[in-house]
2 protein chains.
Amino acid sequence: MSASGPVGDAPSRVAGCRLWRLPSFRETRGELTVAEFGGHFPFAVQRMFFVHAVPQDQVRGDHAHRTTAQLLLALGGEVTVVVDDGAVRDEICLNDPSLGLLIPPGVWSLQQRFAPGTVLAVFCSEKYDPQEYIRDYREFLEHVGRGRRG
Amino acid sequence: MSASGPVGDAPSRVAGCRLWRLPSFRETRGELTVAEFGGHFPFAVQRMFFVHAVPQDQVRGDHAHRTTAQLLLALGGEVTVVVDDGAVRDEICLNDPSLGLLIPPGVWSLQQRFAPGTVLAVFCSEKYDPQEYIRDYREFLEHVGRGRRG
């Protein structure tokens with residue numbers, strides 16, 4: 001068993017993005033990953049969603065959140081997550097069911113190159129609110145103080 | 001989009017077991033299932049776990065809970081869930097990411113015949129407590145008032 005919490009080195013130069021470990025067990029009967037709300041998370045989980053059956057050429061996400069933090073976990077496959085704080089853009093490959101990626105608010109993200117059979121679980125710190133999404137990249141740059149001025 | 005809540009007909013003759021719908025969307029970019037805690041669930045979700053990479057000849061679960069209700073959701077595959085209240089035993093095939101199976105406390109359950117690539121998400125009404133599991137079937141029958149008497 002592995003404990004939960006942040007993983008030593010930040011996987012990314014993008015502000016606040018880091019790997020987060022969840023307790024995970026590998027047995028002959030299969031793999032088990034546990035998420036205890038209140039205990040294993042850096043935020044109170046209000047909602048979650050699952051993304052699966054994503055064609056390999058498709059991109060998901062491609063937006064930022066004003067207030068919602070998320071923890072992304074890839075189960076049974078692999079997905080590439082792009083994170084961008086307006087200054088730095090990084091790619092992180094998620095392929096370990098015990099390692100989630102914590103993305104704070106104010107980071108642009110997209111997910112791509114879903115391996116067949118990947119289920120992406122996304123835990124969210126807030127309830128759904130469409131006003132809380134930033135879907136325009138120039139608006140995002142303004143939001144993080146990197147929009148063109150003058 | 002589909003609303004959340006219990007699905008009309010009970011899928012099972014086993015006491016309290018029923019299908020529970022979660023909002024689900026199918027798009028060219030993949031499938032999305034949403035679980036909003038407090039809103040979409042018949043109980044407050046305290047923890048969850050994921051089971052995946054289960055060999056097809058393996059059985060998971062095979063116990064009952066004294067106090068924990070669970071909602072089981074199969075993502076990206078198919079699994080057969082056996083439920084047993086001590087009087088009646090049923091099998092339910094889960095293969096729709098928008099239809100979870102609600103299992104109340106006091107029901108023996110096991111999961112088998114995992115199709116390759118299936119991720120089983122299990123939402124739980126209580127935090128983990130090993131004392132709360134009943135792992136002996138005869139003890140389970142006593143618990144539900146169906147043990148041999150006299």
# chains A, B, ... in the order shown; residues from 1 in each chain; ligands from 1
call {"tool": "interface_residues", "arguments": {"of": "chain A", "to": "chain B", "cutoff": "8 Å", "atoms": "only C-alpha atoms", "output": "PyMOL selection string"}}
result
chain A and resi 28-38+45-55+58-60+75-76+117-119+127
call {"tool": "residues_around", "arguments": {"residues": "Leu110 in chain B", "least_positions_apart": "6", "cutoff": "9 Å", "atoms": "only C-alpha atoms", "output": "number ranges by chain"}}
result
B: 59-64, 80-83
call {"tool": "write_last_selection", "arguments": {"atoms": "C-alpha atoms", "output": "short mmCIF file (atom, residue, chain, number, x, y, z; two decimals), in the first residue's frame"}}
result
data_model
loop_
_atom_site.label_atom_id
_atom_site.label_comp_id
_atom_site.auth_asym_id
_atom_site.auth_seq_id
_atom_site.Cartn_x
_atom_site.Cartn_y
_atom_site.Cartn_z
CA VAL B 59 -13.85 -12.75 -8.49
CA ARG B 60 -13.87 -9.51 -6.46
CA GLY B 61 -15.95 -8.59 -3.42
CA ASP B 62 -17.57 -11.73 -2.02
CA HIS B 63 -18.61 -10.12 1.24
CA ALA B 64 -21.38 -8.01 2.75
CA THR B 80 -21.45 -9.20 -13.69
CA VAL B 81 -22.54 -8.34 -10.15
CA VAL B 82 -24.08 -11.01 -7.95
CA VAL B 83 -26.31 -9.74 -5.12
#
call {"tool": "closest_residue", "arguments": {"among": "A:Arg135, A:Thr68, A:Gly86, A:Ala115", "to": "Ala15 in chain A", "atoms": "only C-alpha atoms"}}
result
A:Gly86
call {"tool": "atom_distance", "arguments": {"atom1": "CA of Asp85 in chain A", "atom2": "CA of Gln112 in chain A"}}
result
17.8 Å
call {"tool": "atom_distance", "arguments": {"atom1": "CA of Gly106 in chain B", "atom2": "CA of Ala87 in chain B"}}
result
11.7 Å
call {"tool": "select_by_dssp", "arguments": {"residues": "chain B", "states": "helix (DSSP H, G or I)", "output": "list in words"}}
result
Pro130, Gln131, Glu132, Tyr137, Arg138, Glu139, Phe140, Leu141, Glu142 and His143 of chain B
call {"tool": "select_by_dssp", "arguments": {"residues": "range 11-134 of chain B", "states": "strand (DSSP E or B)", "output": "CSV table (one decimal) with N, CA, C and O atoms, in the first residue's frame"}}
result
chain,number,residue,atom,x,y,z
B,18,ARG,N,-31.1,-1.7,-6.7
B,18,ARG,CA,-31.7,-1.1,-7.9
B,18,ARG,C,-30.8,-0.3,-8.8
B,18,ARG,O,-29.7,0.1,-8.3
B,19,LEU,N,-31.1,-0.1,-10.0
B,19,LEU,CA,-30.3,0.7,-10.9
B,19,LEU,C,-30.5,2.2,-10.6
B,19,LEU,O,-31.6,2.6,-10.2
B,20,TRP,N,-29.4,2.9,-10.7
B,20,TRP,CA,-29.4,4.3,-10.4
B,20,TRP,C,-28.7,5.1,-11.5
B,20,TRP,O,-27.6,4.8,-11.9
B,21,ARG,N,-29.4,6.0,-12.1
B,21,ARG,CA,-28.9,6.7,-13.3
B,21,ARG,C,-28.0,7.9,-12.9
B,21,ARG,O,-28.4,8.7,-12.0
B,24,SER,N,-25.2,11.4,-18.2
B,24,SER,CA,-24.2,10.8,-19.1
B,24,SER,C,-24.4,11.4,-20.5
B,24,SER,O,-25.5,11.7,-20.9
B,25,PHE,N,-23.3,11.7,-21.2
B,25,PHE,CA,-23.3,12.3,-22.5
B,25,PHE,C,-22.4,11.5,-23.4
B,25,PHE,O,-21.3,11.1,-23.0
B,26,ARG,N,-22.9,11.2,-24.6
B,26,ARG,CA,-22.0,10.5,-25.6
B,26,ARG,C,-21.8,11.5,-26.8
B,26,ARG,O,-22.8,12.0,-27.3
B,27,GLU,N,-20.5,11.7,-27.0
B,27,GLU,CA,-20.2,12.7,-28.1
B,27,GLU,C,-19.1,12.1,-29.0
B,27,GLU,O,-18.6,11.0,-28.7
B,30,GLY,N,-15.9,11.4,-27.2
B,30,GLY,CA,-15.9,10.4,-26.2
B,30,GLY,C,-17.1,10.4,-25.3
B,30,GLY,O,-18.1,11.2,-25.6
B,31,GLU,N,-17.1,9.6,-24.2
B,31,GLU,CA,-18.2,9.6,-23.3
B,31,GLU,C,-17.9,10.2,-22.0
B,31,GLU,O,-16.8,10.1,-21.5
B,32,LEU,N,-18.9,10.9,-21.4
B,32,LEU,CA,-18.7,11.6,-20.2
B,32,LEU,C,-19.8,11.2,-19.2
B,32,LEU,O,-21.0,11.2,-19.6
B,33,THR,N,-19.5,10.8,-18.0
B,33,THR,CA,-20.4,10.5,-16.9
B,33,THR,C,-20.1,11.4,-15.8
B,33,THR,O,-19.0,11.5,-15.4
B,34,VAL,N,-21.2,12.0,-15.2
B,34,VAL,CA,-21.0,13.0,-14.1
B,34,VAL,C,-21.6,12.5,-12.8
B,34,VAL,O,-22.7,11.9,-12.8
B,35,ALA,N,-20.8,12.7,-11.7
B,35,ALA,CA,-21.3,12.3,-10.4
B,35,ALA,C,-21.1,13.5,-9.5
B,35,ALA,O,-20.0,13.9,-9.1
B,36,GLU,N,-22.3,14.2,-9.2
B,36,GLU,CA,-22.2,15.4,-8.3
B,36,GLU,C,-22.6,14.9,-6.9
B,36,GLU,O,-23.7,14.4,-6.7
B,47,ARG,N,-16.2,7.9,0.5
B,47,ARG,CA,-15.0,7.3,-0.2
B,47,ARG,C,-15.4,6.6,-1.4
B,47,ARG,O,-16.6,6.3,-1.6
B,48,MET,N,-14.4,6.3,-2.2
B,48,MET,CA,-14.7,5.5,-3.4
B,48,MET,C,-13.4,4.7,-3.7
B,48,MET,O,-12.4,5.0,-3.2
B,49,PHE,N,-13.6,3.7,-4.5
B,49,PHE,CA,-12.4,3.0,-5.0
B,49,PHE,C,-12.7,2.5,-6.4
B,49,PHE,O,-13.8,2.5,-6.9
B,50,PHE,N,-11.6,2.3,-7.1
B,50,PHE,CA,-11.6,1.8,-8.5
B,50,PHE,C,-11.0,0.4,-8.5
B,50,PHE,O,-9.9,0.2,-7.9
B,51,VAL,N,-11.6,-0.5,-9.3
B,51,VAL,CA,-11.0,-1.8,-9.5
B,51,VAL,C,-10.8,-1.9,-11.0
B,51,VAL,O,-11.8,-1.6,-11.8
B,52,HIS,N,-9.6,-2.3,-11.4
B,52,HIS,CA,-9.4,-2.5,-12.8
B,52,HIS,C,-8.3,-3.5,-13.0
B,52,HIS,O,-7.8,-4.1,-12.1
B,60,ARG,N,-14.1,-10.6,-7.4
B,60,ARG,CA,-13.9,-9.5,-6.5
B,60,ARG,C,-15.1,-9.4,-5.5
B,60,ARG,O,-16.2,-9.9,-5.8
B,61,GLY,N,-14.9,-8.8,-4.4
B,61,GLY,CA,-15.9,-8.6,-3.4
B,61,GLY,C,-16.1,-9.9,-2.6
B,61,GLY,O,-15.2,-10.3,-1.9
B,62,ASP,N,-17.3,-10.5,-2.7
B,62,ASP,CA,-17.6,-11.7,-2.0
B,62,ASP,C,-17.6,-11.5,-0.5
B,62,ASP,O,-17.0,-12.2,0.3
B,63,HIS,N,-18.4,-10.5,-0.2
B,63,HIS,CA,-18.6,-10.1,1.2
B,63,HIS,C,-19.9,-9.2,1.3
B,63,HIS,O,-20.4,-8.8,0.3
B,64,ALA,N,-20.3,-9.0,2.5
B,64,ALA,CA,-21.4,-8.0,2.7
B,64,ALA,C,-20.9,-6.9,3.6
B,64,ALA,O,-19.8,-7.0,4.2
B,65,HIS,N,-21.7,-5.8,3.7
B,65,HIS,CA,-21.4,-4.7,4.6
B,65,HIS,C,-22.5,-4.5,5.6
B,65,HIS,O,-23.7,-4.6,5.3
B,70,GLN,N,-23.4,1.1,-1.2
B,70,GLN,CA,-22.5,1.3,-2.3
B,70,GLN,C,-23.3,1.5,-3.6
B,70,GLN,O,-24.4,1.0,-3.8
B,71,LEU,N,-22.6,2.3,-4.5
B,71,LEU,CA,-23.1,2.4,-5.9
B,71,LEU,C,-22.0,2.0,-6.8
B,71,LEU,O,-20.9,2.5,-6.7
B,72,LEU,N,-22.3,1.0,-7.6
B,72,LEU,CA,-21.2,0.4,-8.5
B,72,LEU,C,-21.5,0.9,-9.9
B,72,LEU,O,-22.6,0.8,-10.4
B,73,LEU,N,-20.4,1.3,-10.6
B,73,LEU,CA,-20.6,1.8,-11.9
B,73,LEU,C,-19.4,1.2,-12.8
B,73,LEU,O,-18.3,1.3,-12.4
B,74,ALA,N,-19.8,0.6,-13.9
B,74,ALA,CA,-18.8,0.0,-14.8
B,74,ALA,C,-18.6,1.0,-16.0
B,74,ALA,O,-19.5,1.5,-16.6
B,75,LEU,N,-17.3,1.3,-16.1
B,75,LEU,CA,-16.9,2.3,-17.2
B,75,LEU,C,-16.0,1.5,-18.2
B,75,LEU,O,-15.1,0.9,-17.9
B,79,VAL,N,-19.2,-5.9,-16.4
B,79,VAL,CA,-18.9,-6.8,-15.2
B,79,VAL,C,-20.3,-7.4,-14.7
B,79,VAL,O,-21.3,-6.7,-14.9
B,80,THR,N,-20.2,-8.6,-14.3
B,80,THR,CA,-21.4,-9.2,-13.7
B,80,THR,C,-21.4,-9.1,-12.2
B,80,THR,O,-20.4,-9.5,-11.6
B,81,VAL,N,-22.5,-8.5,-11.6
B,81,VAL,CA,-22.5,-8.3,-10.2
B,81,VAL,C,-23.6,-9.3,-9.6
B,81,VAL,O,-24.7,-9.3,-10.1
B,82,VAL,N,-23.2,-10.1,-8.6
B,82,VAL,CA,-24.1,-11.0,-7.9
B,82,VAL,C,-24.5,-10.3,-6.6
B,82,VAL,O,-23.6,-9.8,-5.9
B,83,VAL,N,-25.8,-10.3,-6.4
B,83,VAL,CA,-26.3,-9.7,-5.1
B,83,VAL,C,-27.2,-10.8,-4.5
B,83,VAL,O,-27.9,-11.5,-5.2
B,84,ASP,N,-27.2,-10.8,-3.2
B,84,ASP,CA,-27.8,-11.9,-2.4
B,84,ASP,C,-28.2,-11.3,-1.1
B,84,ASP,O,-27.4,-10.8,-0.3
B,89,ARG,N,-30.9,-14.7,-4.7
B,89,ARG,CA,-29.6,-14.4,-5.3
B,89,ARG,C,-29.9,-14.0,-6.7
B,89,ARG,O,-30.6,-14.7,-7.4
B,90,ASP,N,-29.3,-12.9,-7.2
B,90,ASP,CA,-29.5,-12.4,-8.6
B,90,ASP,C,-28.2,-12.0,-9.2
B,90,ASP,O,-27.3,-11.7,-8.5
B,91,GLU,N,-28.2,-12.0,-10.5
B,91,GLU,CA,-27.0,-11.5,-11.3
B,91,GLU,C,-27.5,-10.3,-12.1
B,91,GLU,O,-28.5,-10.4,-12.7
B,92,ILE,N,-26.7,-9.3,-12.1
B,92,ILE,CA,-27.0,-8.1,-12.9
B,92,ILE,C,-25.7,-7.7,-13.6
B,92,ILE,O,-24.6,-7.6,-13.1
B,93,CYS,N,-25.9,-7.6,-14.9
B,93,CYS,CA,-24.8,-7.2,-15.8
B,93,CYS,C,-24.7,-5.7,-15.9
B,93,CYS,O,-25.7,-5.0,-16.3
B,94,LEU,N,-23.6,-5.1,-15.5
B,94,LEU,CA,-23.4,-3.6,-15.7
B,94,LEU,C,-22.5,-3.4,-16.9
B,94,LEU,O,-21.4,-3.9,-16.9
B,99,LEU,N,-25.5,3.9,-15.8
B,99,LEU,CA,-26.4,3.2,-14.9
B,99,LEU,C,-25.6,2.5,-13.9
B,99,LEU,O,-24.8,1.5,-14.1
B,100,GLY,N,-25.7,3.0,-12.6
B,100,GLY,CA,-25.0,2.3,-11.5
B,100,GLY,C,-25.9,1.4,-10.8
B,100,GLY,O,-27.2,1.4,-11.0
B,101,LEU,N,-25.4,0.5,-10.0
B,101,LEU,CA,-26.2,-0.4,-9.2
B,101,LEU,C,-26.0,0.0,-7.8
B,101,LEU,O,-24.9,0.0,-7.2
B,102,LEU,N,-27.2,0.3,-7.2
B,102,LEU,CA,-27.2,0.6,-5.7
B,102,LEU,C,-27.4,-0.6,-4.9
B,102,LEU,O,-28.3,-1.4,-5.2
B,103,ILE,N,-26.5,-0.9,-4.0
B,103,ILE,CA,-26.5,-2.0,-3.1
B,103,ILE,C,-26.6,-1.5,-1.7
B,103,ILE,O,-25.6,-0.9,-1.2
B,108,TRP,N,-25.1,-9.4,0.4
B,108,TRP,CA,-23.8,-10.1,0.0
B,108,TRP,C,-23.6,-9.8,-1.5
B,108,TRP,O,-24.6,-9.9,-2.3
B,109,SER,N,-22.4,-9.5,-1.9
B,109,SER,CA,-22.2,-9.2,-3.3
B,109,SER,C,-20.8,-9.7,-3.7
B,109,SER,O,-19.8,-9.7,-2.9
B,110,LEU,N,-20.7,-10.1,-5.0
B,110,LEU,CA,-19.4,-10.4,-5.6
B,110,LEU,C,-19.5,-9.9,-7.0
B,110,LEU,O,-20.6,-9.7,-7.6
B,111,GLN,N,-18.3,-9.6,-7.6
B,111,GLN,CA,-18.3,-9.2,-9.0
B,111,GLN,C,-17.4,-10.1,-9.8
B,111,GLN,O,-16.3,-10.5,-9.3
B,112,GLN,N,-17.8,-10.5,-10.9
B,112,GLN,CA,-17.1,-11.5,-11.7
B,112,GLN,C,-17.3,-11.2,-13.2
B,112,GLN,O,-18.0,-10.4,-13.6
B,119,VAL,N,-13.3,-0.7,-16.0
B,119,VAL,CA,-13.0,0.0,-14.7
B,119,VAL,C,-14.2,0.0,-13.9
B,119,VAL,O,-15.3,0.5,-14.4
B,120,LEU,N,-14.2,-0.6,-12.8
B,120,LEU,CA,-15.4,-0.5,-11.9
B,120,LEU,C,-15.2,0.5,-10.8
B,120,LEU,O,-14.2,0.5,-10.1
B,121,ALA,N,-16.0,1.5,-10.8
B,121,ALA,CA,-16.0,2.6,-9.8
B,121,ALA,C,-17.0,2.2,-8.7
B,121,ALA,O,-18.2,2.0,-9.0
B,122,VAL,N,-16.6,2.3,-7.4
B,122,VAL,CA,-17.5,2.0,-6.3
B,122,VAL,C,-17.5,3.1,-5.4
B,122,VAL,O,-16.5,3.5,-4.8
B,123,PHE,N,-18.7,3.8,-5.3
B,123,PHE,CA,-19.0,4.9,-4.4
B,123,PHE,C,-19.5,4.3,-3.1
B,123,PHE,O,-20.4,3.5,-3.1
B,124,CYS,N,-19.0,4.8,-1.9
B,124,CYS,CA,-19.4,4.2,-0.6
B,124,CYS,C,-20.0,5.3,0.3
B,124,CYS,O,-19.5,6.4,0.3
B,133,TYR,N,-17.2,-5.1,7.6
B,133,TYR,CA,-17.3,-6.1,6.6
B,133,TYR,C,-17.8,-7.4,7.2
B,133,TYR,O,-17.4,-7.8,8.3
B,134,ILE,N,-18.6,-8.2,6.5
B,134,ILE,CA,-18.9,-9.6,6.9
B,134,ILE,C,-18.4,-10.4,5.8
B,134,ILE,O,-18.8,-10.4,4.6
